[in-house]
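So the structure is just underneath, and the comments pick up after that.
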Amino acid sequence: MSGTITRAEVEHLARLARLALSDDELDRFAGQLDQIIGAVARVGEVAAEDIPPTSHPLPLTNVTRPDVVRPGLTQAEALAGAPAAEDGRFRVPRILGEEA
Amino acid sequence: MTDELVRRTAAHTARAIADGEVSAVETTQAHLDRIGSVDGRVHAFLHVNADGALAAARTVDDRRAAGERLGPLAGVPLALKDVIATKGLPTTCGSRILEGWVPPYDATVAARLRAAGVVILGKTNMDEFAMGSSTEHSAFGPTHNPWDLSRIPGGSGGGSAAAVAAFEAPVAVGTDTGGSIRQPAAVTGTVGVKPTYGGVSRYGLVALASSLDQAGPCARTVLDAALVHATIAGHDPLDTTSIEAPVPAVVAAAEAADVRGMRLGVVRQFAGEGYQPGVEARFREAVELLEGVGATVVEVDCPHFTYALPAYYLILPSECSSNLARFDAMRYGLRVGDDGTASAEEVMAATREAGFGAEAKRRIILGTYALSSGYYDAYYGQAQKVRTLIQRDFAAAFEQADVLVSPTTPTTAFRLGERVDDPMAMYLADLCTIPSNLAGNASMSLPCGLAAEDGLPVGFQVIAPPMADDRLYRVGGALEAALSDRWGHLLIDEAPDLVTATAGEPS
């Protein structure tokens with residue numbers, strides 16, 4: 001398991017993560033991420049075929065609480081931090097492409 | 001008088017206010033004055049809540065005047081890390097993407113502090129979204145270490161630790177995902193505690209890695225840390241990972257400060273190559289000192305701890321790339337490029353490019369990579385198995401010892417700029433603190449002296465099993481007492497006087 005990541009892969013991953021990157025960032029991150037992935041790939045040295053994975057430090061399942069109504073945010077509070085709002089709603093850019 | 005008020009412990013301040021020796025307003029004003037005189041150079045605060053703090057202090061004074069019996073921290077000023085949502089106070093997480101955001105609600109931690117009459121002085125600087133070990137990844141400029149202003153205060157909670165070390169606040173609250181409370185405590189000569197995962201509610205903390213994040217106290221003494229711990233801890237129905245059990249008796253343990261009969265396990269893996277000689281020397285002396293006051297010492301072997309750092313840098317980016325997906329420029333925070341023609345996806349990508357700093361971007365890409373199909377088993381899946389093995393190492397070690405001990409971080413405070421463009425070197429600062437986040441148990445860092453080679457503080461880490469947080473305070477209290485007996489004062493009293501001295505500044 002070698003830690004190699006190309007500039008093209010970084011560009012692809014950034015697109016998946018909805019993150020525009022400049023050419024300069026792509027150049028810099030490709031080298032740094034290659035080094036980091038090389039270092040973290042060491043987890044592969046541990047023989048762990050029969051070891052169960054741990055996703056969380058507490059063994060919890062189906063935590064519930066009584067279904068009691070409690071005060072939430074008002075509409076004005078919910079919209080207070082919005083970059084744009086209109087008619088009491090979040091105003092967002094178009095969500096469909098030109099061809100749709 | 002002002003200087004004397006800011007040098008008091010939280011315990012002393014609370015007692016003086018309850019006894020009517022000093023008012024909460026006078027105490028708060030003294031701290032605001034101190035912030036005014038030193039924070040231009042330390043930069044611990046991103047926002048100072050002067051009016052709100054004085055109003056909260058006045059309420060405490062009024063309640064006392066009305067004959068009400070006050071709680072153990074009523075009227076005590078406190079600094080909050082800027083990752084904790086505070087109603088009516090800006091919460092930025094050190095990021096441009098949240099610049100100017102004012103939460104419409106309080107985190108449970110903030111609400112409990114306010115209910116206890118604690119006076120919130122302001123919000124402290126941090127690495128962006130708590131990613132870093134130096135505060136240099138803050139979008140608003142780094143915090144400077146009060147011991148030497150040319151050095152890092154640790155991170156991500158460098159602002160909270162520096163505020164406490166610079167006598168701008170007697171206590172603070174931070175969050176610790178891989179060492180962000182403990183490593184700053186170590187390099188600033190202060191006390192910091194990561195409680196057991198689930199011991200303190202995460203409701204209202206802006207999430208970095210949900211299975212690792214935990215809020216906890218920063219202080220100048222072990223008892224003060226315990227008082228804050230007891231105030232913020234305990235079950236919260238708003239956090240489903242909050243533990244439904246009584247809070248360990250941390251205040252009583254700090255007061256008892258008794259290690260007689262306790263077994264300390266020195267972690268064999270946390271020594272040797274990469275550890276500064278002065279760090280190892282102070283650590284060994286502290287172990288001997290604890291042996292001298294009644295503890296027994298054994299060496300414990302935790303072979304998988306050497307894989308904790310690589311496992312962490314797969315698990316954390318995976319969780320953080322998911323958590324930071326919420327910053328989508330739609331409901332709150334920054335929005336860039338919304339010119340009426342750009343699509344939501346284009347606006348999202350442009351906003352995230354403009355709003356996140358380099359470290360956040362690196363970790364988002366790393367996490368997206370580790371979770372990709374084809375790489376998942378080799379990276380995230382394997383890291384989760386290593387996490388199990390680290391928990392098993394802890395379980396075996398805790399059969400031989402009541403607590404484990406190690407240096408908190410391999411070196412003293414490094415220089416600002418030294419590691420900022422070398423992510424792997426930065427990550428090494430959390431080598432000894434990460435295992436406790438992966439396993440979820442409790443850990444403390446407290447000062448154990450100055451390294452001979454550079455005269456900077458060294459941190460001593462104590463690690464306890466889950467929900468045995470009280471043991472941290474027994475050991476921490478005993479070590480603090482033994483060292484204070486030897487020195488005649490606390491280590492922090494040796495820090496340079498920021499008002500008259502110009503530590504680390506060009507003359």
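Residue numbering restarts at 1 for every chain of the structure tokens, chains are lettered A, B, ... in their displayed order, and ligands are numbered from 1 as they appear.
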Name the residues in contact with Ala360 (chain B) at a cut-off of 9 Å, using only C-alpha atoms, excluding same-chain residues fewer than 6 positions from it; report them as a PyMOL selection string. chain B and resi 128-129+131+137+320-321+324
N, CA and C atoms of the current selection, written as an mmCIF file, in the first residue's frame:
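Listed below is the output, part07.cif:
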```
data_model
loop_
_atom_site.group_PDB
_atom_site.id
_atom_site.type_symbol
_atom_site.label_atom_id
_atom_site.label_comp_id
_atom_site.auth_asym_id
_atom_site.auth_seq_id
_atom_site.Cartn_x
_atom_site.Cartn_y
_atom_site.Cartn_z
ATOM 1 N N GLU B 128 -8.351 26.938 12.930
ATOM 2 C CA GLU B 128 -9.631 26.871 12.229
ATOM 3 C C GLU B 128 -10.316 25.512 12.447
ATOM 4 N N PHE B 129 -11.547 25.549 12.946
ATOM 5 C CA PHE B 129 -12.328 24.340 13.237
ATOM 6 C C PHE B 129 -11.542 23.337 14.081
ATOM 7 N N MET B 131 -8.395 22.495 14.009
ATOM 8 C CA MET B 131 -7.415 21.663 13.309
ATOM 9 C C MET B 131 -6.047 22.297 13.394
ATOM 10 N N HIS B 137 -3.270 28.208 12.330
ATOM 11 C CA HIS B 137 -4.290 27.975 11.310
ATOM 12 C C HIS B 137 -5.566 28.773 11.583
ATOM 13 N N CYS B 320 -14.222 14.729 9.764
ATOM 14 C CA CYS B 320 -14.285 16.181 9.572
ATOM 15 C C CYS B 320 -14.730 16.530 8.161
ATOM 16 N N SER B 321 -14.366 15.721 7.169
ATOM 17 C CA SER B 321 -14.823 16.054 5.809
ATOM 18 C C SER B 321 -16.341 15.933 5.744
ATOM 19 N N LEU B 324 -17.778 19.053 7.998
ATOM 20 C CA LEU B 324 -17.625 20.381 7.388
ATOM 21 C C LEU B 324 -18.461 20.517 6.114
#
```
Using only C-alpha atoms, select each residue of chain A with any atom at most 7 Å away from an atom of chain B, and give the selection as a PDB file with N, CA and C atoms, in the first residue's frame.
```pdb
ATOM      1  N   LEU A  13     -10.894  14.789  -6.062  1.00  0.00           N
ATOM      2  CA  LEU A  13     -11.401  14.728  -4.678  1.00  0.00           C
ATOM      3  C   LEU A  13     -11.981  16.087  -4.267  1.00  0.00           C
ATOM      4  N   ALA A  14     -11.304  17.162  -4.654  1.00  0.00           N
ATOM      5  CA  ALA A  14     -11.786  18.503  -4.304  1.00  0.00           C
ATOM      6  C   ALA A  14     -13.155  18.734  -4.942  1.00  0.00           C
ATOM      7  N   ALA A  17     -15.762  17.059  -2.993  1.00  0.00           N
ATOM      8  CA  ALA A  17     -15.995  17.748  -1.717  1.00  0.00           C
ATOM      9  C   ALA A  17     -16.519  19.166  -1.924  1.00  0.00           C
ATOM     10  N   ARG A  18     -16.905  19.530  -3.161  1.00  0.00           N
ATOM     11  CA  ARG A  18     -17.417  20.874  -3.475  1.00  0.00           C
ATOM     12  C   ARG A  18     -16.454  21.939  -2.963  1.00  0.00           C
ATOM     13  N   LEU A  19     -15.218  21.805  -3.403  1.00  0.00           N
ATOM     14  CA  LEU A  19     -14.167  22.699  -2.942  1.00  0.00           C
ATOM     15  C   LEU A  19     -13.366  23.130  -4.162  1.00  0.00           C
ATOM     16  N   ALA A  20     -13.533  24.380  -4.584  1.00  0.00           N
ATOM     17  CA  ALA A  20     -12.714  24.889  -5.692  1.00  0.00           C
ATOM     18  C   ALA A  20     -11.299  25.118  -5.173  1.00  0.00           C
ATOM     19  N   LEU A  21     -10.279  24.736  -5.946  1.00  0.00           N
ATOM     20  CA  LEU A  21      -8.898  24.969  -5.520  1.00  0.00           C
ATOM     21  C   LEU A  21      -8.145  25.680  -6.639  1.00  0.00           C
ATOM     22  N   PHE A  29      -0.881  21.043  -2.328  1.00  0.00           N
ATOM     23  CA  PHE A  29      -1.575  19.974  -1.601  1.00  0.00           C
ATOM     24  C   PHE A  29      -1.196  18.591  -2.127  1.00  0.00           C
ATOM     25  N   ILE A  36       1.512  12.831   3.613  1.00  0.00           N
ATOM     26  CA  ILE A  36       0.631  12.445   4.726  1.00  0.00           C
ATOM     27  C   ILE A  36       0.073  11.035   4.493  1.00  0.00           C
ATOM     28  N   ALA A  39       2.476   8.439   5.314  1.00  0.00           N
ATOM     29  CA  ALA A  39       2.649   8.232   6.757  1.00  0.00           C
ATOM     30  C   ALA A  39       1.457   7.477   7.361  1.00  0.00           C
ATOM     31  N   VAL A  40       0.243   7.835   6.972  1.00  0.00           N
ATOM     32  CA  VAL A  40      -0.920   7.179   7.599  1.00  0.00           C
ATOM     33  C   VAL A  40      -1.124   5.767   7.069  1.00  0.00           C
ATOM     34  N   ALA A  41      -0.543   5.466   5.901  1.00  0.00           N
ATOM     35  CA  ALA A  41      -0.661   4.109   5.350  1.00  0.00           C
ATOM     36  C   ALA A  41      -0.018   3.070   6.263  1.00  0.00           C
ATOM     37  N   ARG A  42       0.763   3.554   7.254  1.00  0.00           N
ATOM     38  CA  ARG A  42       1.379   2.622   8.229  1.00  0.00           C
ATOM     39  C   ARG A  42       0.338   1.807   8.986  1.00  0.00           C
ATOM     40  N   VAL A  43      -0.909   2.258   9.050  1.00  0.00           N
ATOM     41  CA  VAL A  43      -1.924   1.435   9.742  1.00  0.00           C
ATOM     42  C   VAL A  43      -2.028   0.056   9.092  1.00  0.00           C
ATOM     43  N   GLY A  44      -1.652  -0.023   7.818  1.00  0.00           N
ATOM     44  CA  GLY A  44      -1.703  -1.301   7.106  1.00  0.00           C
ATOM     45  C   GLY A  44      -0.704  -2.326   7.612  1.00  0.00           C
ATOM     46  N   ALA A  48      -4.708  -7.191  11.482  1.00  0.00           N
ATOM     47  CA  ALA A  48      -5.954  -6.934  12.202  1.00  0.00           C
ATOM     48  C   ALA A  48      -7.156  -7.591  11.531  1.00  0.00           C
ATOM     49  N   ILE A  51      -9.934  -8.459  13.879  1.00  0.00           N
ATOM     50  CA  ILE A  51     -10.246  -7.441  14.894  1.00  0.00           C
ATOM     51  C   ILE A  51     -11.504  -6.679  14.476  1.00  0.00           C
ATOM     52  N   PRO A  52     -12.489  -6.573  15.362  1.00  0.00           N
ATOM     53  CA  PRO A  52     -13.674  -5.793  14.999  1.00  0.00           C
ATOM     54  C   PRO A  52     -13.347  -4.295  14.953  1.00  0.00           C
ATOM     55  N   PRO A  53     -13.958  -3.557  14.051  1.00  0.00           N
ATOM     56  CA  PRO A  53     -13.695  -2.116  13.981  1.00  0.00           C
ATOM     57  C   PRO A  53     -14.400  -1.366  15.105  1.00  0.00           C
ATOM     58  N   THR A  54     -13.820  -0.252  15.523  1.00  0.00           N
ATOM     59  CA  THR A  54     -14.461   0.634  16.502  1.00  0.00           C
ATOM     60  C   THR A  54     -14.736   1.959  15.808  1.00  0.00           C
ATOM     61  N   SER A  55     -16.002   2.358  15.777  1.00  0.00           N
ATOM     62  CA  SER A  55     -16.322   3.638  15.145  1.00  0.00           C
ATOM     63  C   SER A  55     -16.527   4.715  16.192  1.00  0.00           C
ATOM     64  N   HIS A  56     -16.638   4.297  17.454  1.00  0.00           N
ATOM     65  CA  HIS A  56     -17.083   5.215  18.475  1.00  0.00           C
ATOM     66  C   HIS A  56     -16.637   4.697  19.835  1.00  0.00           C
ATOM     67  N   PRO A  57     -16.218   5.584  20.771  1.00  0.00           N
ATOM     68  CA  PRO A  57     -15.716   5.071  22.045  1.00  0.00           C
ATOM     69  C   PRO A  57     -16.779   4.483  22.976  1.00  0.00           C
ATOM     70  N   VAL A  63     -30.336   5.388  21.342  1.00  0.00           N
ATOM     71  CA  VAL A  63     -30.567   6.291  22.467  1.00  0.00           C
ATOM     72  C   VAL A  63     -31.826   7.109  22.165  1.00  0.00           C
ATOM     73  N   ARG A  65     -35.139   9.698  23.857  1.00  0.00           N
ATOM     74  CA  ARG A  65     -35.609  10.513  24.986  1.00  0.00           C
ATOM     75  C   ARG A  65     -37.113  10.699  24.798  1.00  0.00           C
ATOM     76  N   GLU A  77     -35.180  33.743  14.138  1.00  0.00           N
ATOM     77  CA  GLU A  77     -33.892  33.272  14.673  1.00  0.00           C
ATOM     78  C   GLU A  77     -33.214  32.335  13.680  1.00  0.00           C
ATOM     79  N   GLY A  81     -28.926  34.142  10.560  1.00  0.00           N
ATOM     80  CA  GLY A  81     -27.556  33.999  10.047  1.00  0.00           C
ATOM     81  C   GLY A  81     -27.513  33.699   8.562  1.00  0.00           C
ATOM     82  N   ALA A  82     -28.652  33.711   7.899  1.00  0.00           N
ATOM     83  CA  ALA A  82     -28.693  33.305   6.488  1.00  0.00           C
ATOM     84  C   ALA A  82     -27.987  34.315   5.602  1.00  0.00           C
ATOM     85  N   PRO A  83     -27.207  33.850   4.617  1.00  0.00           N
ATOM     86  CA  PRO A  83     -26.563  34.779   3.690  1.00  0.00           C
ATOM     87  C   PRO A  83     -27.595  35.558   2.870  1.00  0.00           C
ATOM     88  N   PHE A  90     -35.081  30.744   3.301  1.00  0.00           N
ATOM     89  CA  PHE A  90     -33.705  30.855   2.809  1.00  0.00           C
ATOM     90  C   PHE A  90     -33.759  31.069   1.300  1.00  0.00           C
ATOM     91  N   VAL A  92     -31.741  30.680  -2.052  1.00  0.00           N
ATOM     92  CA  VAL A  92     -30.556  29.947  -2.503  1.00  0.00           C
ATOM     93  C   VAL A  92     -30.361  30.159  -4.006  1.00  0.00           C
ATOM     94  N   PRO A  93     -29.133  29.961  -4.485  1.00  0.00           N
ATOM     95  CA  PRO A  93     -28.903  30.045  -5.936  1.00  0.00           C
ATOM     96  C   PRO A  93     -29.663  28.923  -6.640  1.00  0.00           C
ATOM     97  N   ARG A  94     -29.775  29.029  -7.976  1.00  0.00           N
ATOM     98  CA  ARG A  94     -30.500  27.984  -8.713  1.00  0.00           C
ATOM     99  C   ARG A  94     -29.840  26.626  -8.453  1.00  0.00           C
ATOM    100  N   ILE A  95     -30.676  25.607  -8.333  1.00  0.00           N
ATOM    101  CA  ILE A  95     -30.137  24.281  -7.997  1.00  0.00           C
ATOM    102  C   ILE A  95     -30.102  23.360  -9.211  1.00  0.00           C
ATOM    103  N   GLY A  97     -29.128  22.669 -13.379  1.00  0.00           N
ATOM    104  CA  GLY A  97     -28.215  23.133 -14.425  1.00  0.00           C
ATOM    105  C   GLY A  97     -28.973  23.776 -15.569  1.00  0.00           C
TER     106      GLY A  97
END
```
Using only C-alpha atoms, determine which residues lie at most 7 Å from Pro146 (chain B), disregarding the query and same-chain residues fewer than 3 positions distant; provide the list as a PyMOL selection string. chain B and resi 42+149+162+165-166
Saved selection, atoms kept: C-alpha atoms, as a CSV table (one decimal), in the first residue's frame:
```
chain,number,residue,atom,x,y,z
B,42,VAL,CA,-0.9,37.8,23.3
B,149,LEU,CA,5.7,35.8,22.4
B,162,ALA,CA,-2.8,31.6,26.7
B,165,ALA,CA,-1.4,31.7,31.4
B,166,ALA,CA,-1.5,35.5,30.7
```
Kindly indicate which residue among B:Phe460, B:Trp147, B:Phe305, B:Phe45 lies nearest to Gly476 (chain B), using only C-alpha atoms for the distances.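 Going through B:Phe460, B:Trp147, B:Phe305, B:Phe45 one by one, the smallest distance to Gly476 (chain B) is for B:Phe460.
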Which residue of B:Gly174, B:Gly155, B:Gly192, B:Gly261 approaches Ile84 (chain B) most closely, using only C-alpha atoms: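 The shortest atom-to-atom distance to Ile84 (chain B) comes from B:Gly174.
For the pair CA of Pro153 (chain B) and CA of Ala230 (chain B), the separation is 25.7 Å.
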Could you list, as a list in words, every residue within 9 Å of Ala24 (chain B), counting only C-alpha atoms and ignoring same-chain residues fewer than 4 positions away?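 Everything that qualifies: Thr13, Ala14, Ile17, Thr28, Gln29, Leu54, Ala56, Ala57, Arg58, Thr59, Val60, Asp61, Ala74, Gly75, Val76, Pro77 and Val119 of chain B.
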Keeping all heavy atoms, export the residues of the selection given above as a compact mmCIF listing (two decimals), in the first residue's frame.
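Written out: selection34.txt:
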```
# COMPACT_ATOMS: atom_id res chain seq x y z
N THR B 13 -11.25 33.53 44.13
CA THR B 13 -12.14 34.59 43.66
C THR B 13 -13.58 34.31 44.06
O THR B 13 -14.28 35.21 44.56
CB THR B 13 -12.02 34.71 42.12
OG1 THR B 13 -10.72 35.19 41.81
CG2 THR B 13 -13.05 35.67 41.55
N ALA B 14 -14.03 33.08 43.86
CA ALA B 14 -15.42 32.73 44.19
C ALA B 14 -15.67 32.92 45.69
O ALA B 14 -16.72 33.44 46.09
CB ALA B 14 -15.71 31.29 43.77
N ILE B 17 -15.85 36.64 46.56
CA ILE B 17 -17.12 37.24 46.14
C ILE B 17 -18.24 36.81 47.08
O ILE B 17 -19.05 37.62 47.53
CB ILE B 17 -17.43 36.88 44.67
CG1 ILE B 17 -16.43 37.60 43.73
CG2 ILE B 17 -18.87 37.26 44.30
CD1 ILE B 17 -16.47 37.13 42.29
N THR B 28 -14.49 41.34 37.49
CA THR B 28 -14.62 41.30 36.03
C THR B 28 -13.90 42.48 35.39
O THR B 28 -13.17 42.32 34.40
CB THR B 28 -16.12 41.29 35.65
OG1 THR B 28 -16.70 40.11 36.19
CG2 THR B 28 -16.31 41.32 34.14
N GLN B 29 -14.07 43.67 35.99
CA GLN B 29 -13.41 44.86 35.44
C GLN B 29 -11.89 44.69 35.46
O GLN B 29 -11.19 45.08 34.52
CB GLN B 29 -13.82 46.12 36.21
CG GLN B 29 -13.36 47.42 35.56
CD GLN B 29 -13.89 47.58 34.13
OE1 GLN B 29 -15.11 47.53 33.90
NE2 GLN B 29 -13.00 47.74 33.14
N LEU B 54 -19.85 42.42 32.28
CA LEU B 54 -20.16 43.29 33.42
C LEU B 54 -21.62 43.14 33.85
O LEU B 54 -21.93 43.15 35.05
CB LEU B 54 -19.85 44.76 33.07
CG LEU B 54 -18.34 45.07 32.98
CD1 LEU B 54 -18.10 46.43 32.34
CD2 LEU B 54 -17.69 45.01 34.37
N ALA B 56 -23.42 40.38 33.53
CA ALA B 56 -23.53 39.09 34.23
C ALA B 56 -22.96 39.20 35.64
O ALA B 56 -23.50 38.64 36.60
CB ALA B 56 -22.79 38.01 33.43
N ALA B 57 -21.87 39.95 35.77
CA ALA B 57 -21.25 40.14 37.09
C ALA B 57 -22.19 40.91 38.02
O ALA B 57 -22.35 40.58 39.20
CB ALA B 57 -19.92 40.89 36.94
N ARG B 58 -22.85 41.93 37.45
CA ARG B 58 -23.79 42.72 38.26
C ARG B 58 -24.93 41.84 38.77
O ARG B 58 -25.35 41.97 39.92
CB ARG B 58 -24.32 43.89 37.42
CG ARG B 58 -24.67 45.12 38.21
CD ARG B 58 -24.89 46.34 37.31
NE ARG B 58 -23.69 46.75 36.61
CZ ARG B 58 -23.55 46.80 35.28
NH1 ARG B 58 -24.56 46.43 34.48
NH2 ARG B 58 -22.42 47.19 34.73
N THR B 59 -25.40 40.94 37.92
CA THR B 59 -26.46 40.01 38.35
C THR B 59 -26.02 39.18 39.54
O THR B 59 -26.77 38.97 40.49
CB THR B 59 -26.86 39.10 37.17
OG1 THR B 59 -27.23 39.93 36.07
CG2 THR B 59 -28.01 38.18 37.53
N VAL B 60 -24.78 38.70 39.49
CA VAL B 60 -24.25 37.91 40.61
C VAL B 60 -24.20 38.76 41.88
O VAL B 60 -24.62 38.32 42.96
CB VAL B 60 -22.85 37.34 40.27
CG1 VAL B 60 -22.21 36.71 41.51
CG2 VAL B 60 -22.94 36.32 39.14
N ASP B 61 -23.71 39.98 41.74
CA ASP B 61 -23.65 40.87 42.91
C ASP B 61 -25.05 41.14 43.47
O ASP B 61 -25.25 41.16 44.69
CB ASP B 61 -22.96 42.19 42.54
CG ASP B 61 -21.46 42.02 42.32
OD1 ASP B 61 -20.88 41.07 42.88
OD2 ASP B 61 -20.87 42.84 41.60
N ALA B 74 -19.66 31.22 41.11
CA ALA B 74 -20.45 32.42 40.83
C ALA B 74 -19.57 33.66 40.84
O ALA B 74 -18.80 33.89 41.78
CB ALA B 74 -21.57 32.56 41.84
N GLY B 75 -19.66 34.44 39.77
CA GLY B 75 -18.89 35.68 39.67
C GLY B 75 -17.49 35.49 39.11
O GLY B 75 -16.77 36.47 38.91
N VAL B 76 -17.09 34.24 38.87
CA VAL B 76 -15.73 33.98 38.36
C VAL B 76 -15.69 34.21 36.85
O VAL B 76 -16.51 33.67 36.12
CB VAL B 76 -15.30 32.53 38.69
CG1 VAL B 76 -13.99 32.18 37.98
CG2 VAL B 76 -15.17 32.34 40.19
N PRO B 77 -14.75 35.02 36.37
CA PRO B 77 -14.64 35.24 34.91
C PRO B 77 -14.04 34.01 34.22
O PRO B 77 -13.19 33.31 34.79
CB PRO B 77 -13.68 36.43 34.80
CG PRO B 77 -13.55 36.99 36.18
CD PRO B 77 -13.80 35.86 37.12
N VAL B 119 -18.99 34.29 34.68
CA VAL B 119 -18.99 35.49 33.83
C VAL B 119 -18.17 35.20 32.56
O VAL B 119 -16.96 34.97 32.64
CB VAL B 119 -18.38 36.68 34.61
CG1 VAL B 119 -18.21 37.89 33.70
CG2 VAL B 119 -19.26 37.02 35.81
```
Which of chain A DSSP labels alpha helix (DSSP H), written as a ChimeraX atom specification: /A:7-16,23-40,75-79
Between B:Ala30, B:Phe414, B:Leu483, B:Phe394, single out the one closest to Val287 (chain B), counting only C-alpha atoms.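 Between B:Ala30, B:Phe414, B:Leu483, B:Phe394, the residue approaching Val287 (chain B) most closely is B:Leu483.
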